[in-house]
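Here is the file query-v1.txt (compact mmCIF, C-alpha atoms (C1' of nucleotides)).
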# COMPACT_ATOMS: atom_id res chain seq x y z
CA MET A 73 -51.45 5.64 42.15
CA GLN A 74 -51.13 7.54 45.41
CA ARG A 75 -52.30 4.52 47.37
CA VAL A 76 -49.94 2.21 45.56
CA PHE A 77 -46.85 4.30 46.24
CA GLU A 78 -47.97 4.90 49.79
CA ALA A 79 -48.31 1.14 50.25
CA LEU A 80 -44.87 0.56 48.74
CA SER A 81 -43.21 3.03 51.09
CA SER A 82 -43.12 0.41 53.84
CA GLN A 83 -40.39 -2.20 53.81
CA ILE A 84 -42.66 -4.71 55.52
CA ARG A 85 -45.37 -4.25 52.92
CA ARG A 86 -42.87 -4.61 50.07
CA LYS A 87 -41.69 -7.83 51.67
CA ILE A 88 -45.23 -9.13 51.98
CA LEU A 89 -45.69 -8.56 48.26
CA ALA A 90 -42.45 -10.38 47.57
CA TYR A 91 -43.65 -13.36 49.59
CA LEU A 92 -46.94 -13.37 47.73
CA ALA A 93 -45.08 -13.29 44.44
CA HIS A 94 -44.07 -16.89 45.07
CA THR A 95 -47.32 -18.25 46.40
CA ASP A 96 -50.61 -17.31 48.02
CA LEU A 97 -50.55 -17.24 51.80
CA THR A 98 -53.03 -16.95 54.64
CA ALA A 99 -52.95 -13.99 57.00
CA GLY A 100 -51.46 -16.22 59.68
CA GLU A 101 -48.72 -17.52 57.41
CA ILE A 102 -47.80 -13.99 56.49
CA ALA A 103 -47.80 -12.83 60.10
CA ALA A 104 -45.53 -15.74 61.04
CA ARG A 105 -42.86 -14.32 58.75
CA PHE A 106 -42.57 -11.07 60.68
CA GLU A 107 -41.82 -10.17 64.24
CA ILE A 108 -44.61 -7.70 64.72
CA SER A 109 -48.04 -8.53 66.10
CA LYS A 110 -50.80 -10.09 64.01
CA PRO A 111 -53.01 -7.01 64.18
CA ALA A 112 -50.13 -4.95 62.83
CA VAL A 113 -49.75 -7.34 59.90
CA SER A 114 -53.49 -7.24 59.36
CA GLN A 115 -53.29 -3.46 59.06
CA HIS A 116 -50.52 -3.74 56.49
CA LEU A 117 -52.63 -6.19 54.51
CA THR A 118 -55.53 -3.75 54.59
CA VAL A 119 -53.30 -1.03 53.19
CA LEU A 120 -52.13 -3.34 50.42
CA GLU A 121 -55.67 -4.39 49.63
CA ASN A 122 -56.94 -0.81 49.53
CA ALA A 123 -54.14 -0.06 47.10
CA GLY A 124 -55.35 -2.92 44.91
CA LEU A 125 -52.04 -4.73 45.24
CA VAL A 126 -53.47 -7.85 46.88
CA THR A 127 -56.85 -9.56 47.06
CA SER A 128 -58.22 -11.65 49.88
CA GLU A 129 -60.60 -14.57 49.92
CA LYS A 130 -62.05 -16.12 53.02
CA ARG A 131 -62.09 -19.90 53.01
CA GLY A 132 -63.39 -21.34 56.24
CA GLN A 133 -61.61 -19.69 59.08
CA PHE A 134 -58.62 -18.72 56.97
CA VAL A 135 -58.17 -15.68 54.80
CA HIS A 136 -56.04 -16.29 51.75
CA TYR A 137 -54.13 -13.40 50.27
CA SER A 138 -52.78 -13.21 46.76
CA LEU A 139 -50.78 -10.72 44.76
CA VAL A 140 -52.33 -8.60 42.02
CA ALA A 141 -49.15 -8.47 40.01
CA ASP A 142 -50.67 -6.67 37.05
CA HIS A 143 -51.72 -3.69 39.10
CA LEU A 144 -48.29 -3.35 40.63
CA ALA A 145 -46.47 -3.69 37.33
CA ASN A 146 -48.86 -1.36 35.56
CA THR A 147 -48.54 1.35 38.16
CA LEU A 148 -44.76 1.23 38.34
CA SER A 149 -44.57 1.15 34.59
CA ALA A 150 -46.94 4.08 34.19
CA TYR A 151 -44.98 6.28 36.54
CA ALA A 152 -41.66 5.22 35.05
CA GLN A 153 -43.07 6.28 31.70
CA GLU A 154 -44.10 9.63 33.08
CA VAL A 155 -40.72 10.37 34.58
CA CYS A 156 -38.27 8.48 32.40
CA PRO A 157 -39.79 8.69 28.93
CA VAL A 158 -36.69 7.07 27.54
CA SER A 159 -36.09 4.65 30.32
CA LYS A 160 -32.93 2.84 29.32
CA PRO A 161 -32.55 0.51 32.30
CA LEU A 162 -36.17 -0.48 32.23
CA LYS A 163 -35.91 -1.16 28.57
CA ALA A 164 -32.75 -3.20 29.00
CA GLU A 165 -34.30 -5.26 31.74
CA SER A 166 -37.34 -5.91 29.65
CA ALA A 167 -35.30 -6.85 26.63
CA ALA A 168 -33.56 -9.46 28.72
CA LEU A 169 -36.91 -10.69 29.93
CA ALA A 170 -38.27 -10.96 26.43
CA LYS A 171 -35.24 -12.97 25.39
CA THR A 172 -35.78 -15.41 28.25
CA ARG A 173 -39.46 -15.85 27.72
CA GLY A 174 -39.74 -15.55 23.99
CA SER A 175 -42.41 -12.92 23.51
CA MET B 879 -34.38 1.30 48.04
CA GLN B 880 -36.19 2.27 51.22
CA ARG B 881 -35.36 5.91 50.69
CA VAL B 882 -36.49 5.83 47.10
CA PHE B 883 -39.89 4.36 47.84
CA GLU B 884 -40.29 6.65 50.80
CA ALA B 885 -39.53 9.61 48.55
CA LEU B 886 -42.02 8.39 45.96
CA SER B 887 -44.82 8.07 48.51
CA SER B 888 -45.50 11.80 48.28
CA GLN B 889 -47.55 13.13 45.41
CA ILE B 890 -45.72 16.43 45.49
CA ARG B 891 -42.35 14.72 45.24
CA ARG B 892 -43.52 12.53 42.37
CA LYS B 893 -44.70 15.67 40.61
CA ILE B 894 -41.36 17.37 41.17
CA LEU B 895 -39.64 14.43 39.50
CA ALA B 896 -42.08 14.63 36.60
CA TYR B 897 -41.25 18.31 36.13
CA LEU B 898 -37.54 17.54 36.21
CA ALA B 899 -38.04 14.86 33.60
CA HIS B 900 -38.61 17.59 31.05
CA THR B 901 -35.91 20.00 32.06
CA ASP B 902 -33.67 21.06 34.90
CA LEU B 903 -35.13 23.67 37.20
CA THR B 904 -33.96 25.93 40.00
CA ALA B 905 -35.35 25.56 43.49
CA GLY B 906 -37.38 28.71 42.98
CA GLU B 907 -38.84 27.55 39.69
CA ILE B 908 -39.90 24.32 41.33
CA ALA B 909 -41.42 26.09 44.32
CA ALA B 910 -43.38 28.38 41.98
CA ARG B 911 -45.22 25.32 40.63
CA PHE B 912 -46.70 24.41 44.01
CA GLU B 913 -48.87 26.20 46.50
CA ILE B 914 -46.87 25.33 49.57
CA SER B 915 -44.10 27.47 51.05
CA LYS B 916 -40.57 27.52 49.69
CA PRO B 917 -39.09 25.91 52.80
CA ALA B 918 -41.54 23.04 52.41
CA VAL B 919 -40.42 22.54 48.82
CA SER B 920 -36.83 22.71 49.93
CA GLN B 921 -37.48 19.89 52.38
CA HIS B 922 -39.02 17.78 49.64
CA LEU B 923 -35.99 18.41 47.47
CA THR B 924 -33.75 17.27 50.31
CA VAL B 925 -35.72 14.05 50.61
CA LEU B 926 -35.39 13.47 46.87
CA GLU B 927 -31.70 14.22 46.94
CA ASN B 928 -31.07 11.90 49.90
CA ALA B 929 -32.83 9.19 47.95
CA GLY B 930 -30.47 9.80 45.06
CA LEU B 931 -33.32 10.73 42.74
CA VAL B 932 -32.12 14.26 42.03
CA THR B 933 -28.84 16.14 42.15
CA SER B 934 -28.29 19.78 42.84
CA GLU B 935 -25.67 22.20 41.64
CA LYS B 936 -25.24 25.69 42.90
CA ARG B 937 -24.58 28.28 40.21
CA GLY B 938 -24.35 31.78 41.55
CA GLN B 939 -27.30 32.40 43.79
CA PHE B 940 -29.42 29.73 42.15
CA VAL B 941 -29.50 26.03 42.89
CA HIS B 942 -30.24 23.91 39.85
CA TYR B 943 -31.89 20.57 40.33
CA SER B 944 -31.85 17.72 37.87
CA LEU B 945 -33.35 14.26 37.71
CA VAL B 946 -31.24 11.13 38.16
CA ALA B 947 -33.43 9.09 35.87
CA ASP B 948 -31.23 6.02 35.95
CA HIS B 949 -31.51 5.59 39.67
CA LEU B 950 -35.27 5.87 39.57
CA ALA B 951 -35.66 3.48 36.68
CA ASN B 952 -33.20 1.01 38.16
CA THR B 953 -34.91 0.94 41.52
CA LEU B 954 -38.41 0.53 40.13
CA SER B 955 -37.18 -2.09 37.77
CA ALA B 956 -35.35 -4.00 40.48
CA TYR B 957 -38.37 -4.18 42.72
CA ALA B 958 -40.67 -5.04 39.84
CA GLN B 959 -38.32 -7.91 39.09
CA GLU B 960 -38.43 -9.06 42.66
CA VAL B 961 -42.20 -9.09 42.83
CA CYS B 962 -43.29 -9.70 39.27
CA PRO B 963 -40.63 -12.04 37.89
CA VAL B 964 -42.66 -12.36 34.72
CA SER B 965 -43.86 -8.84 34.48
CA LYS B 966 -46.02 -8.79 31.39
CA PRO B 967 -47.09 -5.14 31.42
CA LEU B 968 -43.59 -3.92 32.05
CA LYS B 969 -42.36 -6.00 29.21
CA ALA B 970 -45.09 -4.81 26.88
CA GLU B 971 -44.36 -1.22 27.69
CA SER B 972 -40.69 -1.72 27.07
CA ALA B 973 -41.28 -3.51 23.82
CA ALA B 974 -43.21 -0.50 22.61
CA LEU B 975 -40.39 1.73 23.75
CA ALA B 976 -37.80 -0.31 21.93
CA LYS B 977 -39.85 -0.11 18.76
CA THR B 978 -40.04 3.65 19.00
CA ARG B 979 -36.42 4.22 19.72
CA GLY B 980 -34.79 1.47 17.76
CA SER B 981 -32.58 -0.29 20.28
C1' DG C 488 -73.51 -24.61 73.10
C1' DT C 489 -68.80 -24.45 74.79
C1' DA C 490 -64.16 -24.23 73.86
C1' DT C 491 -60.35 -23.40 70.39
C1' DG C 492 -58.03 -21.18 66.72
C1' DA C 493 -57.83 -17.48 62.91
C1' DT C 494 -58.48 -12.93 61.91
C1' DT C 495 -59.96 -8.34 62.49
C1' DT C 496 -61.64 -4.24 65.13
C1' DA C 497 -61.03 -0.90 68.77
C1' DA C 498 -58.55 2.22 71.52
C1' DG C 499 -54.64 4.35 72.85
C1' DT C 500 -49.48 5.64 72.65
C1' DC C 501 -45.19 6.93 70.44
C1' DA C 502 -42.58 8.44 66.59
C1' DT C 503 -42.39 10.57 62.28
C1' DT C 504 -43.75 13.67 58.68
C1' DA C 505 -45.48 17.86 56.58
C1' DC C 506 -46.17 22.25 57.06
C1' DC C 507 -45.74 27.11 58.62
C1' DT C 508 -43.25 31.58 60.03
C1' DA C 509 -39.13 33.80 61.19
C1' DA C 510 -34.37 34.01 60.86
C1' DA C 511 -29.94 32.95 58.81
C1' DT C 512 -26.79 32.38 54.90
C1' DA C 513 -25.00 33.22 50.42
C1' DC C 514 -24.61 35.66 46.27
C1' DA C 515 -25.08 39.70 43.17
C1' DT C 516 -25.49 44.64 42.48
C1' DC C 517 -25.05 49.18 43.41
C1' DG D 1106 -20.59 47.68 52.69
C1' DA D 1107 -25.68 48.16 52.17
C1' DT D 1108 -29.67 46.32 49.69
C1' DG D 1109 -32.33 42.85 47.34
C1' DT D 1110 -33.02 38.11 45.83
C1' DA D 1111 -32.49 32.93 46.27
C1' DT D 1112 -32.30 29.30 49.23
C1' DT D 1113 -31.90 26.84 53.43
C1' DT D 1114 -31.96 26.30 58.54
C1' DA D 1115 -34.38 26.56 62.95
C1' DG D 1116 -38.13 25.98 65.86
C1' DG D 1117 -42.59 24.72 66.70
C1' DT D 1118 -47.38 22.64 65.74
C1' DA D 1119 -50.71 19.63 63.70
C1' DA D 1120 -51.66 15.56 61.13
C1' DT D 1121 -50.42 10.89 59.99
C1' DG D 1122 -48.63 6.23 60.56
C1' DA D 1123 -47.05 2.14 63.01
C1' DC D 1124 -47.35 -0.41 66.77
C1' DT D 1125 -49.23 -2.52 71.07
C1' DT D 1126 -52.81 -5.01 74.03
C1' DA D 1127 -57.44 -6.26 74.74
C1' DA D 1128 -61.72 -7.41 72.94
C1' DA D 1129 -64.86 -8.83 69.21
C1' DT D 1130 -66.12 -11.85 65.29
C1' DC D 1131 -66.40 -15.97 62.87
C1' DA D 1132 -65.68 -20.79 61.80
C1' DT D 1133 -64.62 -25.42 63.54
C1' DA D 1134 -64.81 -29.31 66.54
C1' DC D 1135 -66.19 -31.48 70.39

Please render this file's structure as C-alpha cells.
Amino acid sequence: MQRVFEALSSQIRRKILAYLAHTDLTAGEIAARFEISKPAVSQHLTVLENAGLVTSEKRGQFVHYSLVADHLANTLSAYAQEVCPVSKPLKAESAALAKTRGS
Amino acid sequence: MQRVFEALSSQIRRKILAYLAHTDLTAGEIAARFEISKPAVSQHLTVLENAGLVTSEKRGQFVHYSLVADHLANTLSAYAQEVCPVSKPLKAESAALAKTRGS
DNA sequence: GTATGATTTAAGTCATTACCTAAATACATC
DNA sequence: GATGTATTTAGGTAATGACTTAAATCATAC
C-alpha cells in the first residue's frame, strides 16, 4: 500500500501506467515517450515494479513491461473503502461501468 | 490530481484522512493520535488542505478539520478510469456497496 | 570475437520533504 | 491586561527523491 501510493505520487509514473493500460511496451518505447534520460525512466520502472504495479519480462535484448491492473485497482479501491465507506462517486462510476459492460 | 496523489503518498496523511472519515477532529485531537510534534502534524494538514482533501474551520481557539470525501473519491476514481478502463475489482466493490445501501 | 543496440547499475549533484525546537499569533478566562 | 491553551509560523537540519553522465551488462549480428 505504501509503495503503491508512493509510486503514484509521481506524474511521470502515473503516465507510464496510463501508457501501459493501452498496450505492453519495452523500456525503450516507454523512455521515448518522455524527455528525461533512459536511466531515469529505468528508475521509475523499478519503483513501479517494486510496488507491484507493473511486471517485466526479458525477451532477447528487450525488456517488455506490462501493467498489473488488478493490483492498482485493488489498492485504490481498498483505500477508498477505508476512507469513504459510503463512496458515492465511486459507486456512481461503477454503476455506469456495470451498465456498459453488463455484469 | 498531482497534489492529491502527493498528499496520499504519506502514510501519516492517509491515516489522518482515515480518522477524519469517522468524525471531524480538531488539530490537537489529530496531533494526539501521532507521535510526531504538533507543528509536523500541522504541516501535514496544510498539505491535505492544499490538495483539497480536507477543509478547516476555526471555532474559537480550536480549528476543526473535516474530510472532503467527494474530492478523494472522485480523484481516485478518475485515475482508476484512466488506467483500468475495465476495472473489475473496483466494479465488484461498488456492486457490493450498492447492494448494501440500496442505490 | 568485435562492434552495435537495449537496458541497467553506479556515483554524484540538486531540490524537496519531513522533522525538530523556539517563537509568534489568536482566543478564552480571570 | 496578564495567564494559559490551541495552533501555526519561522528557521534550520537531516533524510529522501529525481535527475544526470559514464560505465557495465547482455544479447545480436557480422

For this session: Dump as a list in words all residues having an atom at most 10 Å from (-40.9, 30.4, 51.1), computed in the file's coordinates with only C-alpha atoms (C1' of nucleotides).
Result: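 Applying the cut-off with only C-alpha atoms (C1' of nucleotides), one gets Gly906, Ala909, Ala910, Ile914, Ser915, Lys916, Pro917, Ala918, Val919 and Ser920 of chain B; DC507 and DT508 of chain C; DT1112 and DT1113 of chain D.
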
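With distances taken over all atoms listed in the file, A:Leu120 is the one residue among A:Leu148, A:Val135, A:Ala141, A:Leu120 lying closest to Ile84 of chain A.
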
Problem set entry | Selection near Cys156 of chain A, 10 Å with all atoms listed in the file, sequence-local residues under 3 positions removed, as a PyMOL selection string | (chain A and resi 149-153+159-162) or (chain B and resi 895-896+898-900+945-948+950-951)

Exercise. B:Val925, B:Ala905, B:Met879, B:Ile894: which is nearest chain D, counting only C-alpha atoms (C1' of nucleotides)?
Worked result: B:Ala905

For this session: Write out as number ranges by chain which residues come within 8 Å of Leu903 of chain B when counting only C-alpha atoms (C1' of nucleotides), dropping same-chain ones fewer than 5 positions away.
Result: B: 898, 908, 942-944

For this session: Name all residues at most 9 Å from segment 1126-1133 of chain D (count only C-alpha atoms (C1' of nucleotides); drop same-chain ones fewer than 6 positions away) and give them as a count of residues only.
Result: 10

Exercise. Between atom CA of Glu935 of chain B and atom CA of Arg881 of chain B, what is the spacing in Å?
Worked result: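 If I compute the distance from atom CA of Arg881 of chain B to atom CA of Glu935 of chain B, I get 21.0 Å.
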